[in-house]
>>> print(open('protein.txt').read())   # compact mmCIF, C-alpha atoms
# COMPACT_ATOMS: atom_id res chain seq x y z
CA MET X 1 42.45 144.52 208.72
CA LYS X 2 42.80 148.11 207.46
CA ASN X 3 46.10 149.89 208.06
CA ILE X 4 45.61 153.46 209.34
CA ALA X 5 48.09 156.34 209.49
CA ILE X 6 47.28 159.50 211.46
CA LEU X 7 48.67 162.99 211.06
CA GLY X 8 48.07 164.84 214.33
CA ALA X 9 47.56 161.88 216.65
CA SER X 10 47.82 163.98 219.82
CA GLY X 11 45.12 166.45 218.78
CA SER X 12 41.44 166.16 219.63
CA VAL X 13 40.45 164.33 216.42
CA GLY X 14 43.58 162.19 216.52
CA GLN X 15 42.90 161.05 220.07
CA GLN X 16 39.31 160.17 219.23
CA ALA X 17 40.52 158.26 216.16
CA LEU X 18 42.72 156.20 218.46
CA ASP X 19 39.60 155.46 220.51
CA VAL X 20 37.98 154.08 217.35
CA ILE X 21 41.02 151.92 216.56
CA ARG X 22 41.10 150.74 220.17
CA GLU X 23 37.43 149.77 220.10
CA HIS X 24 37.80 147.91 216.79
CA ALA X 25 41.25 146.41 217.22
CA SER X 26 40.36 143.44 215.01
CA GLN X 27 39.53 145.76 212.09
CA PHE X 28 42.10 148.57 212.26
CA ASN X 29 45.85 148.67 212.71
CA LEU X 30 47.82 151.88 213.39
CA VAL X 31 50.94 151.70 211.22
CA ALA X 32 52.18 155.30 211.37
CA PHE X 33 51.44 158.60 213.07
CA SER X 34 52.73 162.10 213.73
CA VAL X 35 52.64 164.32 216.81
CA GLY X 36 53.98 167.78 217.54
CA LYS X 37 55.75 168.24 220.87
CA ASN X 38 53.72 165.90 223.09
CA ILE X 39 56.41 163.23 223.31
CA ALA X 40 55.07 161.56 226.45
CA TYR X 41 51.78 160.95 224.66
CA ALA X 42 53.63 159.69 221.58
CA GLN X 43 55.43 157.14 223.76
CA ASN X 44 52.11 155.94 225.15
CA ILE X 45 50.72 155.48 221.62
CA ILE X 46 53.83 153.59 220.50
CA GLU X 47 53.70 151.26 223.49
CA GLU X 48 49.99 150.54 223.07
CA PHE X 49 49.59 150.30 219.27
CA ARG X 50 53.10 149.29 218.11
CA PRO X 51 53.22 151.36 214.90
CA GLU X 52 56.13 151.08 212.48
CA LEU X 53 56.77 154.78 211.74
CA VAL X 54 56.46 157.89 213.96
CA SER X 55 57.12 161.54 213.16
CA VAL X 56 57.78 164.24 215.76
CA GLN X 57 58.12 167.97 215.22
CA ARG X 58 61.65 168.49 216.54
CA GLU X 59 64.73 166.42 215.80
CA GLU X 60 65.90 166.54 219.42
CA ASP X 61 62.68 164.84 220.54
CA MET X 62 63.61 161.73 218.57
CA GLU X 63 66.23 161.02 221.26
CA LYS X 64 63.47 160.56 223.85
CA LEU X 65 61.87 157.78 221.79
CA LYS X 66 64.87 156.00 220.29
CA HIS X 67 64.73 153.23 222.92
CA LEU X 68 61.41 152.10 221.42
CA ASP X 69 61.10 149.66 218.52
CA VAL X 70 59.91 152.14 215.89
CA GLU X 71 61.32 154.10 212.95
CA LEU X 72 61.55 157.80 213.83
CA VAL X 73 61.43 160.83 211.53
CA HIS X 74 60.84 164.54 212.17
CA GLY X 75 59.76 167.89 210.79
CA GLU X 76 57.99 168.52 207.51
CA MET X 77 59.74 165.62 205.81
CA GLY X 78 58.53 163.43 208.66
CA LEU X 79 54.93 164.45 207.97
CA LEU X 80 55.41 163.53 204.32
CA SER X 81 56.88 160.16 205.32
CA VAL X 82 53.85 159.35 207.46
CA ALA X 83 51.46 160.61 204.77
CA THR X 84 52.98 158.33 202.13
CA TYR X 85 53.88 155.28 204.25
CA HIS X 86 53.71 152.34 201.88
CA LYS X 87 51.64 150.04 204.10
CA THR X 88 48.85 152.58 204.68
CA ASP X 89 45.33 151.92 203.41
CA LEU X 90 43.82 155.14 204.82
CA LEU X 91 45.48 158.34 206.01
CA LEU X 92 43.60 160.40 208.59
CA ASN X 93 44.82 163.97 208.16
CA SER X 94 43.82 165.69 211.40
CA ILE X 95 46.74 168.08 211.61
CA LEU X 96 45.81 171.74 212.14
CA GLY X 97 46.41 174.44 209.56
CA SER X 98 47.64 174.73 206.00
CA ILE X 99 50.73 172.71 206.92
CA GLY X 100 48.45 169.75 206.14
CA LEU X 101 48.27 170.63 202.45
CA ARG X 102 51.54 169.17 201.19
CA PRO X 103 51.09 165.85 203.04
CA THR X 104 47.59 165.57 201.56
CA MET X 105 48.90 166.09 198.04
CA SER X 106 51.73 163.62 198.64
CA ALA X 107 49.34 160.96 199.93
CA ILE X 108 47.13 161.42 196.89
CA ASP X 109 50.17 161.03 194.61
CA ALA X 110 50.93 157.80 196.49
CA GLY X 111 47.40 156.54 195.81
CA ILE X 112 46.38 156.48 199.49
CA ASP X 113 42.76 157.20 200.41
CA ILE X 114 42.32 160.08 202.84
CA GLY X 115 40.02 160.71 205.78
CA LEU X 116 40.11 164.49 205.82
CA ALA X 117 39.76 166.44 209.05
CA ASN X 118 42.23 169.11 207.95
CA LYS X 119 39.75 171.53 206.38
CA GLU X 120 42.46 174.06 205.53
CA THR X 121 43.70 171.72 202.79
CA LEU X 122 40.54 172.31 200.76
CA VAL X 123 40.11 175.93 201.84
CA VAL X 124 43.44 177.02 200.37
CA ALA X 125 43.77 174.53 197.49
CA GLY X 126 40.46 172.75 197.00
CA GLU X 127 40.52 172.89 193.22
CA LEU X 128 44.02 171.40 193.01
CA VAL X 129 43.39 168.74 195.65
CA MET X 130 40.13 167.44 194.21
CA ALA X 131 41.50 167.43 190.65
CA LYS X 132 44.53 165.43 191.80
CA ALA X 133 42.33 163.00 193.74
CA LYS X 134 40.19 162.43 190.66
CA GLU X 135 43.27 161.91 188.50
CA LYS X 136 44.71 159.34 190.94
CA ASP X 137 41.34 157.71 191.73
CA VAL X 138 41.81 158.46 195.45
CA LYS X 139 38.85 158.75 197.82
CA ILE X 140 38.61 161.92 199.93
CA LEU X 141 36.38 160.88 202.83
CA PRO X 142 35.12 163.78 204.99
CA VAL X 143 35.62 163.49 208.74
CA ASP X 144 34.14 166.79 209.94
CA SER X 145 30.70 165.97 211.35
CA GLU X 146 28.97 168.38 208.94
CA HIS X 147 30.65 167.07 205.81
CA SER X 148 30.27 163.47 206.89
CA ALA X 149 26.55 164.18 207.35
CA ILE X 150 26.23 165.59 203.83
CA PHE X 151 28.29 162.70 202.44
CA GLN X 152 25.90 160.23 204.09
CA CYS X 153 22.80 162.12 202.90
CA LEU X 154 24.09 162.01 199.32
CA ASN X 155 24.66 158.24 199.30
CA GLY X 156 22.66 156.74 196.45
CA GLU X 157 21.55 160.15 195.17
CA HIS X 158 22.34 161.99 191.93
CA GLN X 159 24.21 165.27 192.16
CA GLN X 160 22.03 166.90 189.52
CA ASP X 161 19.08 166.43 191.87
CA VAL X 162 20.69 168.47 194.66
CA ASN X 163 19.19 171.90 195.19
CA LYS X 164 21.33 173.00 198.13
CA LEU X 165 23.32 171.94 201.16
CA ILE X 166 22.32 173.20 204.60
CA ILE X 167 25.23 173.19 207.03
CA THR X 168 24.28 173.50 210.68
CA ALA X 169 26.19 175.60 213.20
CA SER X 170 26.00 175.43 216.98
CA GLY X 171 26.89 179.11 217.24
CA GLY X 172 29.93 178.43 219.40
CA SER X 173 30.73 179.74 222.85
CA PHE X 174 29.19 183.19 222.28
CA ARG X 175 26.06 182.33 220.33
CA ASP X 176 23.77 184.16 222.76
CA LEU X 177 25.88 187.34 223.03
CA THR X 178 25.44 190.58 221.10
CA ARG X 179 28.34 192.28 219.33
CA ALA X 180 28.47 194.76 222.19
CA ASP X 181 28.90 191.84 224.61
CA LEU X 182 31.84 190.51 222.59
CA LYS X 183 34.06 193.51 223.37
CA ASN X 184 34.95 192.17 226.80
CA VAL X 185 34.93 188.38 226.41
CA THR X 186 37.93 186.45 227.72
CA LEU X 187 39.98 183.59 226.34
CA GLU X 188 38.53 181.32 229.02
CA ASP X 189 35.01 182.26 227.89
CA ALA X 190 35.85 181.54 224.26
CA LEU X 191 37.25 178.06 225.01
CA ASN X 192 34.07 176.97 226.77
CA HIS X 193 32.16 175.37 223.86
CA PRO X 194 28.64 174.28 224.88
CA ASN X 195 28.45 171.10 222.78
CA TRP X 196 31.73 169.79 221.41
CA SER X 197 35.08 168.78 222.88
CA MET X 198 37.63 170.16 220.43
CA GLY X 199 41.12 171.64 220.29
CA GLN X 200 41.71 175.28 221.19
CA LYS X 201 42.07 176.61 217.66
CA ILE X 202 38.87 175.01 216.37
CA THR X 203 36.98 176.12 219.49
CA ILE X 204 37.99 179.75 218.86
CA ASP X 205 37.07 179.36 215.17
CA SER X 206 33.66 178.14 216.31
CA ALA X 207 33.23 181.20 218.52
CA THR X 208 34.06 183.59 215.64
CA MET X 209 32.08 181.38 213.20
CA MET X 210 35.17 181.15 210.99
CA ASN X 211 35.02 177.38 211.46
CA LYS X 212 31.65 177.37 209.70
CA GLY X 213 32.98 179.64 206.96
CA LEU X 214 35.87 177.29 206.32
CA GLU X 215 33.41 174.39 206.21
CA VAL X 216 31.34 176.19 203.58
CA ILE X 217 34.42 176.53 201.36
CA GLU X 218 35.40 172.92 202.04
CA ALA X 219 31.89 171.73 201.12
CA LYS X 220 32.05 173.57 197.80
CA TRP X 221 35.09 171.54 196.75
CA LEU X 222 34.12 168.23 198.36
CA PHE X 223 30.71 168.10 196.72
CA ASP X 224 31.44 170.10 193.53
CA LEU X 225 28.66 172.65 193.99
CA ASP X 226 28.29 176.37 193.38
CA ILE X 227 28.84 178.43 196.52
CA ASN X 228 25.29 179.79 196.17
CA GLN X 229 24.01 176.24 196.75
CA ILE X 230 25.51 176.12 200.25
CA GLU X 231 23.61 177.64 203.17
CA THR X 232 24.16 177.72 206.92
CA VAL X 233 21.66 177.69 209.77
CA LEU X 234 22.10 178.05 213.53
CA HIS X 235 21.13 174.89 215.40
CA LYS X 236 22.28 175.07 219.00
CA GLU X 237 21.66 171.43 219.95
CA SER X 238 24.13 170.03 217.35
CA ILE X 239 21.84 167.04 216.77
CA ILE X 240 21.22 167.55 213.05
CA HIS X 241 24.76 167.65 211.69
CA SER X 242 23.74 168.89 208.23
CA MET X 243 21.07 168.47 205.56
CA VAL X 244 20.63 168.22 201.80
CA GLU X 245 17.65 169.71 199.99
CA PHE X 246 16.76 168.12 196.66
CA ASN X 247 14.99 169.58 193.66
CA ASP X 248 11.68 167.91 194.61
CA THR X 249 11.78 169.87 197.94
CA SER X 250 12.67 166.74 199.94
CA VAL X 251 15.24 167.34 202.68
CA ILE X 252 17.42 164.52 204.00
CA ALA X 253 19.22 165.12 207.32
CA GLN X 254 21.77 163.14 209.29
CA LEU X 255 21.23 163.15 213.07
CA GLY X 256 23.26 161.90 215.97
CA THR X 257 24.75 162.78 219.33
CA PRO X 258 27.64 165.30 219.13
CA ASP X 259 30.47 162.77 219.10
CA MET X 260 33.33 163.02 216.59
CA ARG X 261 34.09 159.31 216.89
CA THR X 262 31.05 158.53 214.72
CA PRO X 263 32.19 160.38 211.57
CA ILE X 264 35.77 159.23 212.15
CA GLN X 265 34.62 155.62 212.32
CA TYR X 266 32.44 156.02 209.23
CA ALA X 267 35.43 157.28 207.24
CA PHE X 268 37.45 154.30 208.48
CA THR X 269 34.77 151.72 207.59
CA TYR X 270 33.25 153.29 204.44
CA PRO X 271 31.28 152.03 202.55
CA LYS X 272 30.30 149.77 205.44
CA ARG X 273 29.32 150.64 209.02
CA ALA X 274 30.51 149.15 212.28
CA THR X 275 28.76 148.86 215.63
CA ARG X 276 29.57 151.54 218.22
CA ASP X 277 29.27 151.10 221.97
CA ALA X 278 28.25 154.71 222.62
CA GLU X 279 25.39 156.96 223.65
CA LYS X 280 22.46 156.73 221.24
CA LEU X 281 20.21 159.56 220.16
CA ASN X 282 17.02 159.92 222.20
CA LEU X 283 14.82 162.56 220.57
CA ALA X 284 12.06 162.25 223.16
CA GLN X 285 14.56 163.08 225.87
CA ILE X 286 15.88 166.06 223.91
CA GLY X 287 12.33 167.30 223.44
CA GLN X 288 12.86 169.93 220.78
CA LEU X 289 15.31 171.15 218.16
CA ASN X 290 15.83 174.85 217.49
CA PHE X 291 16.92 176.72 214.37
CA GLU X 292 17.71 180.34 213.56
CA GLU X 293 18.80 182.15 210.42
CA MET X 294 22.49 182.95 210.21
CA ASP X 295 23.18 186.59 211.08
CA PHE X 296 26.08 187.63 208.86
CA SER X 297 26.43 191.03 210.51
CA ARG X 298 26.70 189.36 213.93
CA PHE X 299 29.10 186.65 212.73
CA LYS X 300 31.37 188.57 210.35
CA CYS X 301 33.86 185.77 209.77
CA ILE X 302 31.37 183.57 207.95
CA GLN X 303 30.65 186.49 205.62
CA PHE X 304 34.39 186.86 205.03
CA ALA X 305 34.53 183.19 204.01
CA TYR X 306 31.69 183.53 201.50
CA ASP X 307 33.36 186.67 200.11
CA ALA X 308 36.74 184.95 199.83
CA ILE X 309 35.51 181.94 197.85
CA LYS X 310 33.40 184.13 195.56
CA ILE X 311 36.46 186.28 194.81
CA GLY X 312 38.52 183.13 194.39
CA GLY X 313 42.19 182.84 193.45
CA THR X 314 44.46 183.38 196.43
CA MET X 315 41.84 185.15 198.58
CA PRO X 316 40.86 181.99 200.52
CA VAL X 317 44.58 181.46 201.21
CA VAL X 318 44.78 184.91 202.79
CA LEU X 319 41.55 184.34 204.74
CA ASN X 320 42.91 181.14 206.26
CA ALA X 321 46.48 182.34 206.87
CA VAL X 322 45.51 185.55 208.66
CA ASN X 323 42.90 183.71 210.70
CA GLU X 324 45.55 181.24 211.89
CA VAL X 325 47.81 184.15 212.91
CA ALA X 326 44.98 186.06 214.60
CA VAL X 327 43.71 183.06 216.56
CA HIS X 328 47.26 182.32 217.71
CA LYS X 329 47.59 185.91 218.95
CA PHE X 330 44.25 185.69 220.76
CA LEU X 331 45.24 182.41 222.40
CA ASN X 332 48.41 184.17 223.62
CA ASN X 333 46.36 187.10 224.97
CA GLU X 334 48.00 189.50 222.49
CA ILE X 335 44.76 190.75 220.91
CA SER X 336 41.08 191.00 221.79
CA PHE X 337 38.45 188.60 220.47
CA LEU X 338 37.00 191.11 217.99
CA ALA X 339 40.49 191.97 216.72
CA ILE X 340 40.50 188.57 215.00
CA GLU X 341 37.84 189.87 212.61
CA ASP X 342 39.65 193.19 212.17
CA MET X 343 42.91 191.52 211.14
CA ILE X 344 41.19 189.29 208.58
CA GLU X 345 39.10 192.11 207.10
CA GLU X 346 42.10 194.42 206.71
CA ALA X 347 44.20 191.73 205.02
CA MET X 348 41.46 190.81 202.58
CA LYS X 349 40.93 194.47 201.64
CA GLU X 350 44.56 195.03 200.75
CA HIS X 351 45.32 191.69 199.06
CA GLU X 352 45.91 191.68 195.30
CA VAL X 353 44.40 188.41 194.14
CA ILE X 354 46.38 185.94 192.02
CA GLU X 355 44.02 183.95 189.82
CA HIS X 356 44.34 180.16 189.39
CA PRO X 357 47.41 179.78 191.67
CA ASP X 358 49.55 176.65 191.50
CA LEU X 359 50.71 174.83 194.64
CA ASP X 360 53.95 176.81 194.98
CA THR X 361 52.09 180.12 194.69
CA ILE X 362 49.56 179.04 197.31
CA LEU X 363 52.34 178.07 199.74
CA LYS X 364 54.24 181.33 199.12
CA VAL X 365 51.16 183.50 199.74
CA ASP X 366 50.35 181.45 202.84
CA ALA X 367 53.89 181.88 204.21
CA ALA X 368 53.94 185.61 203.40
CA TYR X 369 50.78 186.36 205.36
CA LYS X 370 51.83 184.19 208.29
CA SER X 371 55.18 186.00 208.61
CA LYS X 372 53.76 189.49 208.14
CA ASP X 373 54.00 192.12 210.91
CA TYR X 374 50.41 193.04 211.70
CA GLY X 375 51.32 195.80 214.13
CA VAL X 376 49.20 194.51 217.02
>>> encode(input="protein.txt", output="structure tokens")
Amino acid sequence: MKNIAILGASGSVGQQALDVIREHASQFNLVAFSVGKNIAYAQNIIEEFRPELVSVQREEDMEKLKHLDVELVHGEMGLLSVATYHKTDLLLNSILGSIGLRPTMSAIDAGIDIGLANKETLVVAGELVMAKAKEKDVKILPVDSEHSAIFQCLNGEHQQDVNKLIITASGGSFRDLTRADLKNVTLEDALNHPNWSMGQKITIDSATMMNKGLEVIEAKWLFDLDINQIETVLHKESIIHSMVEFNDTSVIAQLGTPDMRTPIQYAFTYPKRATRDAEKLNLAQIGQLNFEEMDFSRFKCIQFAYDAIKIGGTMPVVLNAVNEVAVHKFLNNEISFLAIEDMIEEAMKEHEVIEHPDLDTILKVDAAYKSKDYGV
């Protein structure tokens, strides 16, 4: 029995992780979790899985759950309590945004292995996180489908034999539109992803291609490669989740149906696999797989991500922070879709980079750009 803790249990990845635990109840036990404001859902989780520790966002929401047999905490300290819960064997960090960074670092300090679905942790502080994980001998197991695919392709291989990583991208909700078409797209259009069922923020990031840019940065730190060894390709079917090209020209790919429960389960069971009662891949039924080169002038956000990691220092922090603000504004119908790119580009142009930032500096820069008045 492996004890699992989940940060972000009410989000898309968190809910699918609960499906995995539910399906393999004899193998996994939910001991702790956090939610934001979805208290009714938290109560359902508590009643079904009987965890020992639960964190909610607001202190007043603890009152609504106090009749249940569970220890309750709240706020940022609550996230840290869940992240470091002493009975945990594996922490799934599926919380959205850079708020997931401090809990990740705390879990590593506590010696707890991490299933990482919070890509912002590595985007803003990848060098610090991976160095700390190495120091503490903690496993960082990727949960994103693309990084899980690469992780699986690299099993049994030698890093010095890797020529490049090829990360696939569905293209998101607007993959078939021109830049001229994007001027008038709506929020409803943007949230209609053709392949994946994800939360709102990630779905918008997929439409701008920022999600893929963040994954490129994450891959650099996860797999300790030069950014020039990481490529992206458009693959609208989302059947090949990513590939690795080796120095003998061999390419190994990981394929599967677009279902996040598979990489979640693999992180939970690693280095073993467990049976899944789910749809299996039928290539004959699919018929064909399509690929296109990435158009960096069409998808500006992925270019911003490459630029940010090449510049280094605090630039990826700014990239991520302003994107979070811009996406939030778009979701609230405060700005247009293309204004997301404009906000990020302007912030990156004016930012004075701090080289080799420590954790406090990263958090200060992140907070500064999230509280800034962008005049939109």
>>> closest_residue(input="protein.txt", among="X:Gln15, X:Gln152, X:Gln27, X:Gln285", to="Asn44 in chain X", atoms="all atoms listed in the file")
X:Gln15
>>> residues_around(input="protein.txt", residues="Gly375 in chain X", least_positions_apart="2", cutoff="10 Å", atoms="all atoms listed in the file", output="ChimeraX atom specification")
/X:343,372-373
>>> atom_distance(input="protein.txt", atom1="CA of Asn93 in chain X", atom2="CA of Ile362 in chain X")
19.2 Å
>>> closest_residue(input="protein.txt", among="X:Met315, X:Ile302, X:Ala321, X:Val124", to="Val216 in chain X", atoms="all atoms listed in the file")
X:Ile302
>>> closest_residue(input="protein.txt", among="X:Glu60, X:Asp89, X:Glu334, X:Glu135", to="Asp109 in chain X", atoms="only C-alpha atoms")
X:Glu135
